[in-house]
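Have a look at the structure below before the remarks.
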Amino acid sequence: MSTTINQSQSPSSDTSDYDSDTAASSAAYLRHADLSTTIFKAYLETNGHDSTSSSSPQSLDLIKIQSFLNSSSSGALSCLICLERIKSTDPTWSCNGFCFSVFHLQCIQQWAQQATSQAALRALTRLPISAQTAAETSVWNCPKCRFEYSKSLIPKNYYCFCSKLENPPHDPWILPHSCGEICRRPLKNNCGHFCLLLCHPGPCPSCPQLVNSRCFCGGIQDVRRCGFKEFSCNKQCIKVLDCGIHRCAEICHNGECSPCREKGVYKCQCGKVEEERECCDRNFRCDNPCAQGLDCGKHVCERGCHGGVCGKCPLKGKRTCPCGRRVYEGIACDVEVKLCGATCDKKLSCGKHTCHERCHRGSCVETCRIMMTKSCRCGSQTKQVPCYQDLVCERKCKRDRDCERHACRRRCCDGDCPPCTEVCGRKLRCRNHKCPSPCHRGPCAPCPLMVTISCACGETHFEVPCGTETEQKPPRCRKQCQIAPLCRHRSNCKPHKCHYGTCPPCRLPCGEEYPCGHACKLRCHGPQPPPNPEFTLKPKRKKHNFQSEPTAGTPCPPCPELVWRSCLGQHFAAERMMICSKNPQFSCDNLCGSPLACSNHYCTKICHPRQNSSSSSDQRTRGVLCEECTLPCQKKRAPSCSHPCPLRCHPEECPPCKVLLKRSCHCGAMTHAFVCIYYNTLSEKEQLSARSCGGDCHRKLSNCTHLCPEICHPGPCPSPEKCSKKVTVRCRCNNLKKEWLCLDVQTGYRNSGRDPKDIHRTQFGNGLLSCDSSCKKKAQAVESELLQRKSKAPEEKVIENETHVPKRRKRRERVQETNQVSKFQKFLTYLQRFVMLIIVLVALVGLAYYGYKGILSLNDWMNELEEQRAKTRYQRI
């Protein structure tokens, strides 16, 4: 039933070609495809999503509900009484007893009325009660589970499954006959919790709430589901047995512990016999009489083995004769009482007559033989018979029994004919079974059997009433078909749903490879698995498929591909279009062009089949030898070099090259001569070491003006920033100079934000020293000379250029000269600034004075306060 719970897949994700359901039924299925997910949502959130597994105990409760959901969502819900399909708009009633079956409301009302009327009629004929009492006390049973309901519980209105909503409206998006709300019905065992599922048919599942509970023996406390809180700890039971001495030795179990089976030697109640018995049978009686003397001293106890005091002598005190008429007092217990001689008159066993004998010891006659007139039970015969005998006539009752089909035929029937003992045997409405009940009046009860209709794999199934299975369709199973395809596309075949009949044909191209290398492009015609048996309850109409495709399981036809076939010499651009399965051969007018024996040149004969050909040419065609090569060798040597081989064209490898090669060293100071084969066989690392001259590098470093101090080496010079040669460093004015290491000079340039590579070699080291006072004096002297030179130069320029100044410029200069500030105005500005300075100073002095006064007054106030505190302390003392 896991298919019903898992509705995450889309219902229309994979529709088989053979599915011929109507649009209405498919729409209904799509509409209710996710019912179980929504109904079980609140329950699974509390219970955990593992409750649907077959190993969990909650799955037993959910399977019943899921069976109802499958029947309802697939439209297979049928009424047991009328065997008609229950529509989503029909008023219904569901049994709340054991079966939770759903019936038409009108059908169950008629059933209940008929059952109660028959029960009242039977009660009137058998019991001395009134018709009103018989009608009120009559009951009716559920047609399936026979659960009893009183007459007052005959359904009158249409309610949802949880009985909260009257006349629930039809909604295509929720379960039919459901209100769509939380069920909230009290769960079984009166645990105090309520059902968390949506309004649903069938029983409510076990309570999923977590509670603290103890095991059966009370030894372990654990958190359990409320519906399954009673559990066994699988350890030894710790309960004390009834004996109060031993403990139960069984595994923790439900119910009372078994009697104590510990063996021991115990005495009987009288203490005369000792036996080895189980602890539960330690209090036993032996077969010996008690025989202890009573308190009278004349008689012994006649009771069997017993515990405690034997009691008083029963013959003491007042005594009577055996019939009880005469009383004797003061007679000793060992003296026998005399008979009174009167008639006994004790009631006999019949309860009607008395004993007519004289007072006697012992019991009276058990069988009453007094003759009396008796009538038989049916009242047809009267006769004198002894009291102990019953009068029964031989007349057989001819009245019909309650079934109104068979006669009573009981001898001497008193009118209360017993129920009919014959089997009804009438054909039920299901047309499959006969009524197994005792012969009865009225219609037979519906067939209680349910037929399970399942899919081909058996994972999805639902139950329908017996007799309606021929009108049902197999359930739509959302599981994938488990039949493995037999064709070569088994790993790429599109999965399809569980089904009856043959699997849908593979729609992929065949792809079978011919010996020629092509693939079959027809639709897959590989072998197919045998078909599932058809749905036996309602077989589908067979479809006639007229296919032009090859029959499944047949081999591929000859390759029909058109290919370009080469000539006998397999020349380029000499192909012809031919069918691949045919193998004709032809010769073109081109030269052969096949490699010669030297494997360096090609044949110049006309196209012919090559004798050394191993491809698709006909083996029966005799090959023609190609010509011999007379050209010089043109092969590339190994290891490769640029020198040609001096030999004639040959198939084997060329001899080693011994030409001298010239290679300069890494620093370019000298040139080396190497033999070609020796130099080319060296690895790249060995070649670099062989080219080294062994002297100094003689290459300029990248960060300074010095040469590399390393031995001749390949690649860039190592660590150019660590040059340790001395460099003369100067200040900017070239007045100061010092000698630094080259690496310090480079560091200085980097710290000043300049790259040593960008410094010209003539300026390398300049500007790194900071100038001192002597540099400043020298710079001031230089600046004064420059200023003198500059001041002279503009005056001369003005004099020189005075004649060339335009009129507008002259006029502007005159206005500026008139706007120049006079000496009096300068004096006023200075005076204003002096007055403002005096005002600010006076203000500061005032602030300081008053602040000092405030501090003095604060100190005085603090001193006065301290004096007052001291006085108060002195007064207290």
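The chains in the structure tokens are called A, B, ... from first to last as shown; in each chain the residues are counted from 1, and the ligands are counted from 1 in the order shown.
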
12 Å contact set for stretch 686-688 of chain A, only C-alpha atoms, chain neighbours under 2 positions out, as a list of chain:residue names: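 What passes the distance filter is A:Arg663, A:Ser664, A:Cys665, A:His666, A:Cys667, A:His672, A:Phe674, A:Cys676, A:Tyr678, A:Tyr679, A:Asn680, A:Thr681, A:Leu682, A:Ser683, A:Glu684, A:Ala690, A:Arg691, A:Ser692, A:Cys693, A:Gly694, A:Cys712, A:His713, A:Pro714, A:Gly715.
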
Would you output that residue set with C-alpha atoms, as an mmCIF file, in the first residue's frame?
```cif
data_model
loop_
_atom_site.group_PDB
_atom_site.id
_atom_site.type_symbol
_atom_site.label_atom_id
_atom_site.label_comp_id
_atom_site.auth_asym_id
_atom_site.auth_seq_id
_atom_site.Cartn_x
_atom_site.Cartn_y
_atom_site.Cartn_z
ATOM 1 C CA ARG A 663 75.763 25.490 -29.925
ATOM 2 C CA SER A 664 76.691 28.622 -27.911
ATOM 3 C CA CYS A 665 76.839 28.596 -24.107
ATOM 4 C CA HIS A 666 74.137 30.187 -21.968
ATOM 5 C CA CYS A 667 75.980 33.421 -21.378
ATOM 6 C CA HIS A 672 80.536 24.208 -28.361
ATOM 7 C CA PHE A 674 78.526 18.315 -30.590
ATOM 8 C CA CYS A 676 74.241 15.237 -33.862
ATOM 9 C CA TYR A 678 74.972 12.408 -29.244
ATOM 10 C CA TYR A 679 73.351 15.833 -28.734
ATOM 11 C CA ASN A 680 69.832 14.690 -29.777
ATOM 12 C CA THR A 681 69.914 11.632 -27.508
ATOM 13 C CA LEU A 682 70.549 13.835 -24.486
ATOM 14 C CA SER A 683 67.609 14.933 -22.380
ATOM 15 C CA GLU A 684 66.732 18.602 -22.132
ATOM 16 C CA ALA A 690 76.482 20.302 -21.621
ATOM 17 C CA ARG A 691 76.135 23.811 -23.086
ATOM 18 C CA SER A 692 77.413 25.531 -19.948
ATOM 19 C CA CYS A 693 80.909 27.063 -20.397
ATOM 20 C CA GLY A 694 81.801 26.730 -16.683
ATOM 21 C CA CYS A 712 77.148 30.167 -16.679
ATOM 22 C CA HIS A 713 73.558 28.957 -16.333
ATOM 23 C CA PRO A 714 70.385 28.708 -18.401
ATOM 24 C CA GLY A 715 67.354 30.933 -17.871
#
```

For A:Pro475: contacts at 8 Å, only C-alpha atoms, fewer than 4 positions along chain excluded, given as a JSON list (two decimals) with all heavy atoms, in the first residue's frame:
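That gives us part_9.json:
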```json
[["chain", "number", "residue", "atom", "x", "y", "z"],
["A", 74, "SER", "N", -10.87, 5.39, -6.60],
["A", 74, "SER", "CA", -11.00, 4.72, -7.89],
["A", 74, "SER", "C", -12.45, 4.52, -8.29],
["A", 74, "SER", "O", -12.71, 3.93, -9.34],
["A", 74, "SER", "CB", -10.29, 3.35, -7.83],
["A", 74, "SER", "OG", -10.87, 2.55, -6.82],
["A", 453, "ILE", "N", -9.28, -6.70, -5.44],
["A", 453, "ILE", "CA", -8.89, -6.42, -6.83],
["A", 453, "ILE", "C", -7.55, -5.70, -6.76],
["A", 453, "ILE", "O", -7.44, -4.64, -6.13],
["A", 453, "ILE", "CB", -9.94, -5.56, -7.54],
["A", 453, "ILE", "CG1", -11.27, -6.32, -7.59],
["A", 453, "ILE", "CG2", -9.48, -5.19, -8.93],
["A", 453, "ILE", "CD1", -12.38, -5.56, -8.26],
["A", 454, "SER", "N", -6.56, -6.28, -7.37],
["A", 454, "SER", "CA", -5.21, -5.72, -7.28],
["A", 454, "SER", "C", -4.65, -5.52, -8.67],
["A", 454, "SER", "O", -5.18, -6.01, -9.68],
["A", 454, "SER", "CB", -4.30, -6.67, -6.49],
["A", 454, "SER", "OG", -4.18, -7.91, -7.14],
["A", 455, "CYS", "N", -3.57, -4.76, -8.73],
["A", 455, "CYS", "CA", -2.87, -4.54, -9.98],
["A", 455, "CYS", "C", -2.03, -5.79, -10.31],
["A", 455, "CYS", "O", -2.05, -6.78, -9.58],
["A", 455, "CYS", "CB", -1.99, -3.30, -9.87],
["A", 455, "CYS", "SG", -0.72, -3.45, -8.61],
["A", 460, "THR", "N", -0.78, -2.40, -5.31],
["A", 460, "THR", "CA", -1.95, -1.54, -5.14],
["A", 460, "THR", "C", -3.20, -2.39, -5.27],
["A", 460, "THR", "O", -3.36, -3.11, -6.27],
["A", 460, "THR", "CB", -1.95, -0.43, -6.21],
["A", 460, "THR", "OG1", -0.71, 0.27, -6.14],
["A", 460, "THR", "CG2", -3.10, 0.54, -5.97],
["A", 461, "HIS", "N", -4.06, -2.34, -4.28],
["A", 461, "HIS", "CA", -5.27, -3.15, -4.33],
["A", 461, "HIS", "C", -6.34, -2.50, -3.48],
["A", 461, "HIS", "O", -6.05, -1.63, -2.63],
["A", 461, "HIS", "CB", -4.98, -4.58, -3.83],
["A", 461, "HIS", "CG", -4.36, -4.64, -2.48],
["A", 461, "HIS", "ND1", -5.09, -4.57, -1.30],
["A", 461, "HIS", "CD2", -3.06, -4.73, -2.11],
["A", 461, "HIS", "CE1", -4.28, -4.63, -0.28],
["A", 461, "HIS", "NE2", -3.03, -4.73, -0.73],
["A", 462, "PHE", "N", -7.56, -2.88, -3.71],
["A", 462, "PHE", "CA", -8.68, -2.44, -2.88],
["A", 462, "PHE", "C", -9.71, -3.56, -2.87],
["A", 462, "PHE", "O", -9.67, -4.49, -3.67],
["A", 462, "PHE", "CB", -9.28, -1.13, -3.39],
["A", 462, "PHE", "CG", -9.76, -1.17, -4.83],
["A", 462, "PHE", "CD1", -11.00, -1.68, -5.17],
["A", 462, "PHE", "CD2", -8.94, -0.71, -5.85],
["A", 462, "PHE", "CE1", -11.42, -1.73, -6.47],
["A", 462, "PHE", "CE2", -9.37, -0.75, -7.17],
["A", 462, "PHE", "CZ", -10.61, -1.27, -7.48]]
```

Compile the contact shell of A:Pro595 as a count of residues only: residues with an atom at most 12 Å away, counting only C-alpha atoms, same-chain residues fewer than 5 positions apart removed. 17

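Closest approach to A:Lys156 among A:Gln384, A:Ser178, A:Gln221, A:Gln109: A:Gln109, based on only C-alpha atoms.
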
Provide the atom CA of A:Arg409 to atom CA of A:Cys397 distance in Å, to one decimal place.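 According to the coordinates, atom CA of A:Arg409 and atom CA of A:Cys397 are separated by 4.7 Å.
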
Hey, what's within 12 Å of A:Val727 if we count only C-alpha atoms and toss same-chain stuff fewer than 6 positions away? As an mmCIF file with N, CA, C and O atoms, in the first residue's frame, please?
```cif
data_model
loop_
_atom_site.group_PDB
_atom_site.id
_atom_site.type_symbol
_atom_site.label_atom_id
_atom_site.label_comp_id
_atom_site.auth_asym_id
_atom_site.auth_seq_id
_atom_site.Cartn_x
_atom_site.Cartn_y
_atom_site.Cartn_z
ATOM 1 N N CYS A 704 69.722 45.902 -11.277
ATOM 2 C CA CYS A 704 70.833 46.844 -11.037
ATOM 3 C C CYS A 704 71.754 46.837 -12.267
ATOM 4 O O CYS A 704 71.465 46.191 -13.275
ATOM 5 N N THR A 705 72.890 47.522 -12.143
ATOM 6 C CA THR A 705 73.822 47.688 -13.270
ATOM 7 C C THR A 705 74.980 46.706 -13.214
ATOM 8 O O THR A 705 75.903 46.811 -14.016
ATOM 9 N N HIS A 706 74.945 45.730 -12.281
ATOM 10 C CA HIS A 706 76.055 44.794 -12.113
ATOM 11 C C HIS A 706 75.836 43.524 -12.904
ATOM 12 O O HIS A 706 74.703 43.217 -13.314
ATOM 13 N N LYS A 737 77.716 61.696 -0.141
ATOM 14 C CA LYS A 737 77.818 60.400 -0.810
ATOM 15 C C LYS A 737 78.342 59.357 0.181
ATOM 16 O O LYS A 737 79.110 59.666 1.069
ATOM 17 N N LYS A 738 77.844 58.119 -0.003
ATOM 18 C CA LYS A 738 78.225 56.971 0.807
ATOM 19 C C LYS A 738 78.248 55.729 -0.047
ATOM 20 O O LYS A 738 77.707 55.728 -1.161
ATOM 21 N N GLU A 739 78.823 54.634 0.483
ATOM 22 C CA GLU A 739 78.837 53.348 -0.221
ATOM 23 C C GLU A 739 77.873 52.367 0.460
ATOM 24 O O GLU A 739 78.002 52.113 1.669
ATOM 25 N N TRP A 740 76.906 51.897 -0.313
ATOM 26 C CA TRP A 740 75.915 50.913 0.165
ATOM 27 C C TRP A 740 76.035 49.631 -0.637
ATOM 28 O O TRP A 740 76.586 49.627 -1.756
ATOM 29 N N LEU A 741 75.522 48.544 -0.057
ATOM 30 C CA LEU A 741 75.378 47.309 -0.841
ATOM 31 C C LEU A 741 74.232 47.482 -1.839
ATOM 32 O O LEU A 741 73.248 48.187 -1.592
ATOM 33 N N CYS A 742 74.389 46.807 -2.958
ATOM 34 C CA CYS A 742 73.386 46.962 -4.035
ATOM 35 C C CYS A 742 71.990 46.538 -3.566
ATOM 36 O O CYS A 742 70.993 47.160 -3.926
ATOM 37 N N LEU A 743 71.896 45.494 -2.748
ATOM 38 C CA LEU A 743 70.573 45.041 -2.300
ATOM 39 C C LEU A 743 69.907 46.085 -1.410
ATOM 40 O O LEU A 743 68.685 46.251 -1.407
ATOM 41 N N ASP A 744 70.744 46.854 -0.608
ATOM 42 C CA ASP A 744 70.185 47.926 0.220
ATOM 43 C C ASP A 744 69.685 49.057 -0.652
ATOM 44 O O ASP A 744 68.659 49.709 -0.336
ATOM 45 N N VAL A 745 70.432 49.339 -1.750
ATOM 46 C CA VAL A 745 69.999 50.391 -2.672
ATOM 47 C C VAL A 745 68.648 50.014 -3.286
ATOM 48 O O VAL A 745 67.733 50.834 -3.382
ATOM 49 N N GLN A 746 68.521 48.761 -3.696
ATOM 50 C CA GLN A 746 67.246 48.325 -4.283
ATOM 51 C C GLN A 746 66.099 48.432 -3.263
ATOM 52 O O GLN A 746 64.991 48.850 -3.575
ATOM 53 N N ARG A 761 71.161 53.754 -15.442
ATOM 54 C CA ARG A 761 72.403 53.267 -14.829
ATOM 55 C C ARG A 761 73.300 54.406 -14.391
ATOM 56 O O ARG A 761 74.085 54.266 -13.453
ATOM 57 N N THR A 762 73.181 55.569 -15.018
ATOM 58 C CA THR A 762 73.995 56.707 -14.602
ATOM 59 C C THR A 762 73.451 57.359 -13.346
ATOM 60 O O THR A 762 74.195 58.040 -12.632
ATOM 61 N N GLN A 763 72.145 57.181 -13.061
ATOM 62 C CA GLN A 763 71.524 57.782 -11.877
ATOM 63 C C GLN A 763 71.321 56.757 -10.770
ATOM 64 O O GLN A 763 70.616 57.038 -9.793
ATOM 65 N N PHE A 764 71.847 55.553 -10.906
ATOM 66 C CA PHE A 764 71.628 54.493 -9.916
ATOM 67 C C PHE A 764 72.332 54.860 -8.612
ATOM 68 O O PHE A 764 73.558 55.061 -8.581
ATOM 69 N N GLY A 765 71.605 55.038 -7.543
ATOM 70 C CA GLY A 765 72.136 55.399 -6.222
ATOM 71 C C GLY A 765 71.936 56.836 -5.868
ATOM 72 O O GLY A 765 72.184 57.225 -4.713
ATOM 73 N N ASN A 766 71.527 57.709 -6.809
ATOM 74 C CA ASN A 766 71.331 59.130 -6.534
ATOM 75 C C ASN A 766 69.981 59.345 -5.866
ATOM 76 O O ASN A 766 68.985 58.729 -6.226
ATOM 77 N N LEU A 768 69.064 58.844 -2.646
ATOM 78 C CA LEU A 768 68.665 57.976 -1.543
ATOM 79 C C LEU A 768 69.076 58.557 -0.195
ATOM 80 O O LEU A 768 68.463 58.244 0.824
#
```

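Every protein or nucleic acid residue with an atom no more than 10 Å from A:Lys700, counting only C-alpha atoms and leaving out same-chain residues fewer than 5 positions away, appears here: A:Thr705, A:His706, A:Leu707, A:Cys708, A:Pro709, A:Cys717, A:Pro720.
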
Identify, with DSSP run on backbone atoms, the residues in stretch 353-405 of chain A assigned to strand (DSSP E), and express the list as a short mmCIF file (atom, residue, chain, number, x, y, z; two decimals) with all heavy atoms, in the first residue's frame.
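The resulting states31.cif:
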```cif
data_model
loop_
_atom_site.label_atom_id
_atom_site.label_comp_id
_atom_site.auth_asym_id
_atom_site.auth_seq_id
_atom_site.Cartn_x
_atom_site.Cartn_y
_atom_site.Cartn_z
N MET A 371 -49.16 -41.32 41.66
CA MET A 371 -49.86 -41.18 40.40
C MET A 371 -50.63 -39.86 40.41
O MET A 371 -51.28 -39.51 41.40
CB MET A 371 -50.81 -42.35 40.18
CG MET A 371 -50.13 -43.71 40.14
SD MET A 371 -48.96 -43.89 38.78
CE MET A 371 -50.08 -43.88 37.40
N MET A 372 -50.58 -39.21 39.25
CA MET A 372 -51.30 -37.95 39.13
C MET A 372 -51.67 -37.75 37.67
O MET A 372 -51.10 -38.36 36.75
CB MET A 372 -50.45 -36.79 39.64
CG MET A 372 -49.17 -36.57 38.87
SD MET A 372 -48.20 -35.19 39.47
CE MET A 372 -49.32 -33.84 39.20
N THR A 373 -52.69 -36.93 37.43
CA THR A 373 -53.17 -36.67 36.07
C THR A 373 -52.33 -35.55 35.47
O THR A 373 -52.21 -34.45 36.03
CB THR A 373 -54.65 -36.27 36.09
OG1 THR A 373 -55.40 -37.30 36.71
CG2 THR A 373 -55.15 -36.04 34.68
N LYS A 374 -51.74 -35.85 34.30
CA LYS A 374 -50.89 -34.87 33.59
C LYS A 374 -51.36 -34.72 32.15
O LYS A 374 -51.89 -35.66 31.56
CB LYS A 374 -49.43 -35.30 33.61
CG LYS A 374 -48.73 -35.13 34.94
CD LYS A 374 -47.25 -35.43 34.80
CE LYS A 374 -46.52 -35.21 36.09
NZ LYS A 374 -45.06 -35.42 35.94
N SER A 375 -51.14 -33.53 31.61
CA SER A 375 -51.40 -33.27 30.19
C SER A 375 -50.06 -33.11 29.47
O SER A 375 -49.06 -32.63 30.05
CB SER A 375 -52.22 -32.00 30.02
OG SER A 375 -53.49 -32.14 30.63
N THR A 382 -54.40 -36.45 27.96
CA THR A 382 -54.38 -36.40 29.43
C THR A 382 -54.33 -37.82 29.94
O THR A 382 -55.09 -38.70 29.47
CB THR A 382 -55.62 -35.68 29.98
OG1 THR A 382 -55.67 -34.37 29.41
CG2 THR A 382 -55.55 -35.57 31.48
N LYS A 383 -53.47 -38.07 30.97
CA LYS A 383 -53.27 -39.45 31.40
C LYS A 383 -52.73 -39.46 32.82
O LYS A 383 -52.12 -38.51 33.28
CB LYS A 383 -52.28 -40.12 30.45
CG LYS A 383 -52.13 -41.62 30.62
CD LYS A 383 -51.16 -42.16 29.57
CE LYS A 383 -50.98 -43.66 29.70
NZ LYS A 383 -50.03 -44.19 28.70
N GLN A 384 -53.04 -40.60 33.56
CA GLN A 384 -52.50 -40.83 34.89
C GLN A 384 -51.10 -41.42 34.76
O GLN A 384 -50.92 -42.51 34.24
CB GLN A 384 -53.40 -41.78 35.68
CG GLN A 384 -54.73 -41.20 36.09
CD GLN A 384 -54.60 -40.29 37.30
OE1 GLN A 384 -53.66 -40.41 38.08
NE2 GLN A 384 -55.57 -39.39 37.46
N VAL A 385 -50.13 -40.73 35.32
CA VAL A 385 -48.73 -41.18 35.22
C VAL A 385 -48.06 -40.89 36.55
O VAL A 385 -48.53 -40.04 37.34
CB VAL A 385 -47.98 -40.48 34.08
CG1 VAL A 385 -48.52 -40.91 32.72
CG2 VAL A 385 -48.04 -38.97 34.23
N PRO A 386 -46.96 -41.61 36.90
CA PRO A 386 -46.22 -41.28 38.11
C PRO A 386 -45.71 -39.84 38.06
O PRO A 386 -45.50 -39.26 37.00
CB PRO A 386 -45.08 -42.29 38.11
CG PRO A 386 -45.55 -43.41 37.28
CD PRO A 386 -46.42 -42.82 36.23
#
```

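Each of A:Leu841, A:Cys195, A:Ala115, A:Cys310 was checked against A:Pro443 using only C-alpha atoms; the smallest atom-to-atom distance is that of A:Ala115.
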
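Each of A:Pro515, A:Pro609, A:Pro203, A:Pro533 was checked against A:Cys567 using only C-alpha atoms; the smallest atom-to-atom distance is that of A:Pro609.
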
Leaving out stretch 770-786 of chain A and any residue of its chain fewer than 5 positions from it, which residues lie within 10 Å of it when counting only C-alpha atoms, given as number ranges by chain? A: 730-736, 791
